[in-house]
Amino acid sequence: MILNYLTLSIVLFCLGILGVISRRNVFTVFMSIELMLNAANLAFISFSRLHVSMDGHVLALMIIAVAAAEAALALAVVILLHKHKGVLDTNIFSLLKG
Amino acid sequence: MTKKNIRKGALDIMFAEWLFFGLAGLSVLGAIGLILFRHPMNGAMSFVVTLISLAGLYALLSAKLLFAVQLIVYAGAIMSLIIFIIMFLNIQEHDLPDEEGKGLFLLGGAVVITPIALFLYKIVKSLPGSDTKIIGNGFGDVREVGLILFKNWLLPFEIVSILLLVALVGAVVLAGKKGVGK
Amino acid sequence: MEHTAQFYLGLIPLMPLIGAVVIGLMHVMTCRGDRLPNKLYAVLACVGPVVSCIMAFQVFAILRTLPVEHRILVHNAFTWFSVGELKISMGFMADPLSALMLLFVTFIGSLIHVYSIGYMADDKTFAKFFAYMNLFLGSMLILVLGDGPVVMFVGWEGVGLCSYLLISYYNEDQSNVLAGNKAFIVNRIGDLGFVLGMAFLFWGIGANNGFDYVSLRANAHLLPPAMTLVVCLLLFVGATGKSAQIPLYVWLPDAMAGPTPVSALIHAATMVTAGVYMVARFSFLYAHVPAAGEIVAWVGILTALLSAIYGMFQDDIKKVLAYSTVSQLGYMFAGVGVAAYSAGIFHVFTHAFFKALLFLGAGSVIYAMHHEQNIWKMGGLKKKLPITYLTMLVGALALSGCPPFSGFFSKDEILFSAYANGFKGIWMIGVLVAGMTAYYTFRMIFVVFWGEPKNKSAYDHAHEPPAVMTVPLIILAVGALLAGFLNFPALFGGHQLVSQWLAPSVLDHHPHAEAATEWMAMGASVAAFIIGISIAFVKFAKGVEMPVFSGFAKFAYHKFYVDELYDFLLVQPYKTIGAMIWEHFDPDVTDGPRKATAFLYGMAGSAFKVIQTGYVRMYAIYMVIGLSLISLLISQTLN
């Protein structure tokens, strides 16, 4: 049943949000975002199957491409962060503190 | 249709159901591992499990090209990159942030997210159900997806190519900065 | 033909304004480095007024070719603003009245610009002066040509501004700046009256029927009489400010702090007559309510009397002329007040010539005496300054009303109209003032030009100013001599050209009087003139030392202490109230709510500061919480 796939997609997406908001490790946060992207991909492909149309596949492909680009940039940022501060803690940046 | 064929079809469907639940369980377990493991390397390995099981789910949904791409690009290339960087930075236990109250955050987060999940589930439940029998007539294979990609989605495709180029240049500029003091 | 004229109408005010902008910009851009040569500025400054003057003559000529009842040319330059039905356009209108004003404003303006080239030659900020002068002329032309009260008000304020700028032109001296401030503030009081009058007029008829003179005139009868009276009086308050009438006359004598050409152009010939022009312009309103005209006439003639008294006891040559200007302005208001609008405007016209002439002559004297203005320190100058003396003599005769100089005809016209229209009291005061005018004018002439020189070294160095200054004097002297013949009375077989010309624009009340009455009125004026000049001759022709004033003379010399009275009654209480408000009302009452609000905002800020942790993760959590709440809300609406 398609419903099961979509439910799984919701579960994975929520786990991704949970990862982003509850973890401080840069890598984990980053991979949680990837997890959310994958959940979206799953939803796309499920709907594609539901409607027997392949536009969802194309979108999923593009999301993978965006994820690849994001990975390249985010990892560069992580390297910079590590170079500057020597840690992987997102809480090290709090310039916006009121 | 013969009796044997009907039985075989029912078996197929049942098999597919079992397969789905297996893979879904694996992917959820992988995701939970990702957000719970303290060391990012463990998290990454667990995330790979999720990605591979998702690839399997794509196959179950007849997305043959995506199945391959997920395995090769995602589970293969992107994750390799991430794991490579984790290893490259040579992260030790004391490098990791001391995440006090992680459990509290997880619990609170779960409470906050529940309404969102329920809301989404409500929407999904109202959709018409449909079986997910594997379609054989070329749905989701390279040729069909490629035709749609190059016919209907040509401009976004080109834009994505530019995006990748920009990301490449950006990554080089960011990571390649010299003279940044510790 | 008409199209050309309409085209000119837009250009006439524009030419001096362009000049002002160009000169101003050039001055601002070069004032730090090397200055550009004065000759360049002089040429630039004179181009605008002269071109305007030529175009003004063209417009006048074209207007003359039109039939009498169609002598109105309108040019709408652009729509200034439109609100709903109301549309105010930047429109210029030439009718006989504004065309006459246009002629002498541009003509005398051009002459004074030429004269200023000589007078201001040594000035450090030569260019600034001419930028202001051009700006003034442009504003004055907008005032005169405006096709409705709103456009007129633009010019009205523009000339006020230029007057302020030019009075305090020598701004190294604080008293000059104070004089400028005084002129500006007193004018503001008058302007309030103008604005209120305009508002009432708009409320009464302008809102529905158009707010330009043509429509206003056509619909004047729609305004209820009480309202008309209010509008007329409020407009007259504006006129008293601009034209220095009781009680707002106090600024004009102080305005003599400005350069002499400014006094000639702005504070004698053009700007100060704007009030008279306005009353004549709104003659269609004043004609409905004789009471308003009566008030105008009385205020005018009392101003004439008061300032003539002041004028008899001044020792500054420019102050004498300033009070005589106030006095003559009083005559003009008496003229328009007794519904002899064309007589009033004719006096504006002739006065512009002879008063500009007298001021420019005084400027020559001051120039020759190295900025000495006290008449008691001059004397005997007629040998040294023959051209100045002769031209000023013409101006003085015209001012005193000696036949057949121009002032005689115009003043006599006013006095005769007052008499014939039944204002015997005004006529009597007017004749008295005419005698006083002759007295103080010739007192000045005798003291300055006759007798023995008081200051030998200054006398020896005095010499006739350059031609650029004397030629305008001569032209103006010819004008002062001949302008009166334009309105040659019917009594002498003339045709009263000016009155006929103005007839379509103003609603004159023509008295029907016997020739004997006319002869009698004229005889009284001439007698007053002769008595006045005789007393002056007896007292001053021989040359006298500076008198010590005592008694009434001292009282008059100090201008009846009106300035001090105003200061005591109005300025000081106002300052006290202001200081009280500043010290007590402002910090406690006005600022209280503001401070409280600021305090509350501060409190709220420090309370909400807590959630701004600066951690990216926390912002993500807030986002998710918001999303979650929205989800809760929406999922309740779903079944």
# chains A, B, ... in the order shown; residues from 1 in each chain; ligands from 1
$ residues_around --residues "Val78 in chain A" --least-positions-apart "2" --cutoff "12 Å" --atoms "only C-alpha atoms" --output "ChimeraX atom specification"
/A:25-30,70-76,80-90 /B:82,85-86,88-89,171,174-175
$ residues_around --residues "range 131-147 of chain B" --least-positions-apart "4" --cutoff "12 Å" --atoms "only C-alpha atoms" --output "count of residues only"
50
$ interface_residues --of "chain B" --to "chain C" --cutoff "9 Å" --atoms "only C-alpha atoms" --output "JSON, numbers by chain"
{"B": [109, 112, 113, 114, 115, 116, 117, 118, 119, 120, 122, 123]}
$ write_last_selection --atoms "N, CA, C and O atoms" --output "mmCIF file, in the first residue's frame"
data_model
loop_
_atom_site.group_PDB
_atom_site.id
_atom_site.type_symbol
_atom_site.label_atom_id
_atom_site.label_comp_id
_atom_site.auth_asym_id
_atom_site.auth_seq_id
_atom_site.Cartn_x
_atom_site.Cartn_y
_atom_site.Cartn_z
ATOM 1 N N GLY B 109 11.879 17.468 21.739
ATOM 2 C CA GLY B 109 11.715 17.518 20.294
ATOM 3 C C GLY B 109 10.629 16.570 19.837
ATOM 4 O O GLY B 109 9.771 16.932 19.010
ATOM 5 N N VAL B 112 7.316 17.984 20.527
ATOM 6 C CA VAL B 112 6.963 19.089 19.635
ATOM 7 C C VAL B 112 6.629 18.574 18.246
ATOM 8 O O VAL B 112 5.746 19.099 17.563
ATOM 9 N N ILE B 113 7.342 17.532 17.830
ATOM 10 C CA ILE B 113 7.169 17.082 16.443
ATOM 11 C C ILE B 113 5.910 16.238 16.280
ATOM 12 O O ILE B 113 5.325 16.218 15.184
ATOM 13 N N THR B 114 5.473 15.625 17.361
ATOM 14 C CA THR B 114 4.310 14.741 17.235
ATOM 15 C C THR B 114 3.125 15.390 16.498
ATOM 16 O O THR B 114 2.576 14.770 15.579
ATOM 17 N N PRO B 115 2.727 16.631 16.853
ATOM 18 C CA PRO B 115 1.596 17.202 16.107
ATOM 19 C C PRO B 115 1.853 17.287 14.617
ATOM 20 O O PRO B 115 0.934 17.042 13.817
ATOM 21 N N ILE B 116 3.085 17.612 14.252
ATOM 22 C CA ILE B 116 3.390 17.704 12.814
ATOM 23 C C ILE B 116 3.200 16.330 12.175
ATOM 24 O O ILE B 116 2.537 16.197 11.118
ATOM 25 N N ALA B 117 3.757 15.332 12.819
ATOM 26 C CA ALA B 117 3.655 13.991 12.257
ATOM 27 C C ALA B 117 2.200 13.559 12.133
ATOM 28 O O ALA B 117 1.770 13.049 11.090
ATOM 29 N N LEU B 118 1.439 13.825 13.197
ATOM 30 C CA LEU B 118 0.033 13.424 13.165
ATOM 31 C C LEU B 118 -0.722 14.151 12.071
ATOM 32 O O LEU B 118 -1.535 13.563 11.353
ATOM 33 N N PHE B 119 -0.393 15.414 11.917
ATOM 34 C CA PHE B 119 -1.054 16.220 10.893
ATOM 35 C C PHE B 119 -0.759 15.655 9.502
ATOM 36 O O PHE B 119 -1.661 15.442 8.681
ATOM 37 N N LEU B 120 0.520 15.378 9.276
ATOM 38 C CA LEU B 120 0.892 14.823 7.970
ATOM 39 C C LEU B 120 0.226 13.459 7.771
ATOM 40 O O LEU B 120 -0.278 13.140 6.689
ATOM 41 N N LYS B 122 -2.526 12.438 8.990
ATOM 42 C CA LYS B 122 -3.947 12.648 8.709
ATOM 43 C C LYS B 122 -4.170 12.900 7.223
ATOM 44 O O LYS B 122 -5.103 12.391 6.599
ATOM 45 N N ILE B 123 -3.284 13.738 6.671
ATOM 46 C CA ILE B 123 -3.422 14.073 5.249
ATOM 47 C C ILE B 123 -3.202 12.825 4.407
ATOM 48 O O ILE B 123 -3.971 12.517 3.488
#
$ interface_residues --of "chain A" --to "chain C" --cutoff "12 Å" --atoms "only C-alpha atoms" --output "PyMOL selection string"
chain A and resi 14+16-26+29+89-98
$ atom_distance --atom1 "CA of Thr228 in chain C" --atom2 "CA of Leu502 in chain C"
23.1 Å
$ select_by_dssp --residues "range 21-137 of chain B" --states "helix (DSSP H, G or I)" --output "ChimeraX atom specification"
/B:21-36,40-60,64-88,93-95,102-125
$ atom_distance --atom1 "CA of Lys377 in chain C" --atom2 "CA of Lys454 in chain C"
5.3 Å
$ closest_residue --among "A:Ile63, A:Ile79, A:Leu42, A:Leu37" --to "Leu6 in chain A" --atoms "only C-alpha atoms"
A:Leu42
$ closest_residue --among "B:Leu168, B:Leu155, B:Leu26, B:Val48" --to "chain A" --atoms "only C-alpha atoms"
B:Leu168
$ decode --residues "range 140-160 of chain C" --atoms "N, CA, C and O atoms" --output "mmCIF file, in the first residue's frame"
data_model
loop_
_atom_site.group_PDB
_atom_site.id
_atom_site.type_symbol
_atom_site.label_atom_id
_atom_site.label_comp_id
_atom_site.auth_asym_id
_atom_site.auth_seq_id
_atom_site.Cartn_x
_atom_site.Cartn_y
_atom_site.Cartn_z
ATOM 1 N N MET C 140 8.398 87.280 -7.852
ATOM 2 C CA MET C 140 7.478 88.411 -8.015
ATOM 3 C C MET C 140 6.636 88.227 -9.267
ATOM 4 O O MET C 140 5.440 88.521 -9.276
ATOM 5 N N LEU C 141 7.262 87.701 -10.315
ATOM 6 C CA LEU C 141 6.515 87.514 -11.561
ATOM 7 C C LEU C 141 5.497 86.399 -11.401
ATOM 8 O O LEU C 141 4.406 86.451 -11.969
ATOM 9 N N ILE C 142 5.840 85.373 -10.606
ATOM 10 C CA ILE C 142 4.842 84.334 -10.331
ATOM 11 C C ILE C 142 3.676 84.950 -9.573
ATOM 12 O O ILE C 142 2.507 84.675 -9.863
ATOM 13 N N LEU C 143 4.005 85.788 -8.600
ATOM 14 C CA LEU C 143 2.952 86.456 -7.824
ATOM 15 C C LEU C 143 2.025 87.235 -8.741
ATOM 16 O O LEU C 143 0.804 87.154 -8.643
ATOM 17 N N VAL C 144 2.625 87.992 -9.639
ATOM 18 C CA VAL C 144 1.823 88.883 -10.476
ATOM 19 C C VAL C 144 1.034 88.089 -11.512
ATOM 20 O O VAL C 144 -0.119 88.381 -11.788
ATOM 21 N N LEU C 145 1.679 87.058 -12.056
ATOM 22 C CA LEU C 145 1.049 86.360 -13.173
ATOM 23 C C LEU C 145 0.171 85.200 -12.737
ATOM 24 O O LEU C 145 -0.553 84.643 -13.546
ATOM 25 N N GLY C 146 0.254 84.775 -11.484
ATOM 26 C CA GLY C 146 -0.501 83.608 -11.042
ATOM 27 C C GLY C 146 -1.966 83.725 -11.416
ATOM 28 O O GLY C 146 -2.564 84.785 -11.308
ATOM 29 N N ASP C 147 -2.546 82.620 -11.867
ATOM 30 C CA ASP C 147 -3.930 82.700 -12.325
ATOM 31 C C ASP C 147 -4.915 82.393 -11.214
ATOM 32 O O ASP C 147 -6.098 82.278 -11.454
ATOM 33 N N GLY C 148 -4.411 82.203 -10.002
ATOM 34 C CA GLY C 148 -5.323 81.951 -8.902
ATOM 35 C C GLY C 148 -4.620 82.251 -7.604
ATOM 36 O O GLY C 148 -3.405 82.457 -7.575
ATOM 37 N N PRO C 149 -5.385 82.276 -6.508
ATOM 38 C CA PRO C 149 -4.758 82.612 -5.218
ATOM 39 C C PRO C 149 -3.633 81.661 -4.847
ATOM 40 O O PRO C 149 -2.662 82.078 -4.215
ATOM 41 N N VAL C 150 -3.745 80.386 -5.234
ATOM 42 C CA VAL C 150 -2.727 79.430 -4.796
ATOM 43 C C VAL C 150 -1.379 79.741 -5.450
ATOM 44 O O VAL C 150 -0.345 79.808 -4.783
ATOM 45 N N VAL C 151 -1.414 79.974 -6.763
ATOM 46 C CA VAL C 151 -0.166 80.290 -7.454
ATOM 47 C C VAL C 151 0.369 81.624 -6.956
ATOM 48 O O VAL C 151 1.578 81.806 -6.751
ATOM 49 N N MET C 152 -0.570 82.565 -6.717
ATOM 50 C CA MET C 152 -0.140 83.853 -6.183
ATOM 51 C C MET C 152 0.570 83.645 -4.850
ATOM 52 O O MET C 152 1.588 84.287 -4.572
ATOM 53 N N PHE C 153 0.057 82.736 -4.059
ATOM 54 C CA PHE C 153 0.657 82.502 -2.752
ATOM 55 C C PHE C 153 2.069 81.949 -2.879
ATOM 56 O O PHE C 153 2.937 82.262 -2.064
ATOM 57 N N VAL C 154 2.294 81.140 -3.906
ATOM 58 C CA VAL C 154 3.657 80.641 -4.138
ATOM 59 C C VAL C 154 4.615 81.814 -4.317
ATOM 60 O O VAL C 154 5.666 81.908 -3.674
ATOM 61 N N GLY C 155 4.218 82.734 -5.206
ATOM 62 C CA GLY C 155 5.062 83.910 -5.423
ATOM 63 C C GLY C 155 5.153 84.760 -4.176
ATOM 64 O O GLY C 155 6.213 85.279 -3.833
ATOM 65 N N TRP C 156 4.046 84.881 -3.486
ATOM 66 C CA TRP C 156 3.953 85.673 -2.260
ATOM 67 C C TRP C 156 4.997 85.201 -1.250
ATOM 68 O O TRP C 156 5.729 85.988 -0.661
ATOM 69 N N GLU C 157 5.047 83.891 -1.034
ATOM 70 C CA GLU C 157 6.026 83.343 -0.103
ATOM 71 C C GLU C 157 7.442 83.457 -0.669
ATOM 72 O O GLU C 157 8.400 83.663 0.066
ATOM 73 N N GLY C 158 7.553 83.282 -1.986
ATOM 74 C CA GLY C 158 8.870 83.376 -2.615
ATOM 75 C C GLY C 158 9.476 84.753 -2.418
ATOM 76 O O GLY C 158 10.640 84.874 -2.019
ATOM 77 N N VAL C 159 8.677 85.802 -2.641
ATOM 78 C CA VAL C 159 9.234 87.147 -2.464
ATOM 79 C C VAL C 159 9.542 87.393 -0.999
ATOM 80 O O VAL C 159 10.522 88.064 -0.659
ATOM 81 N N GLY C 160 8.725 86.814 -0.106
ATOM 82 C CA GLY C 160 8.999 86.966 1.327
ATOM 83 C C GLY C 160 10.339 86.374 1.679
ATOM 84 O O GLY C 160 11.135 86.974 2.400
#
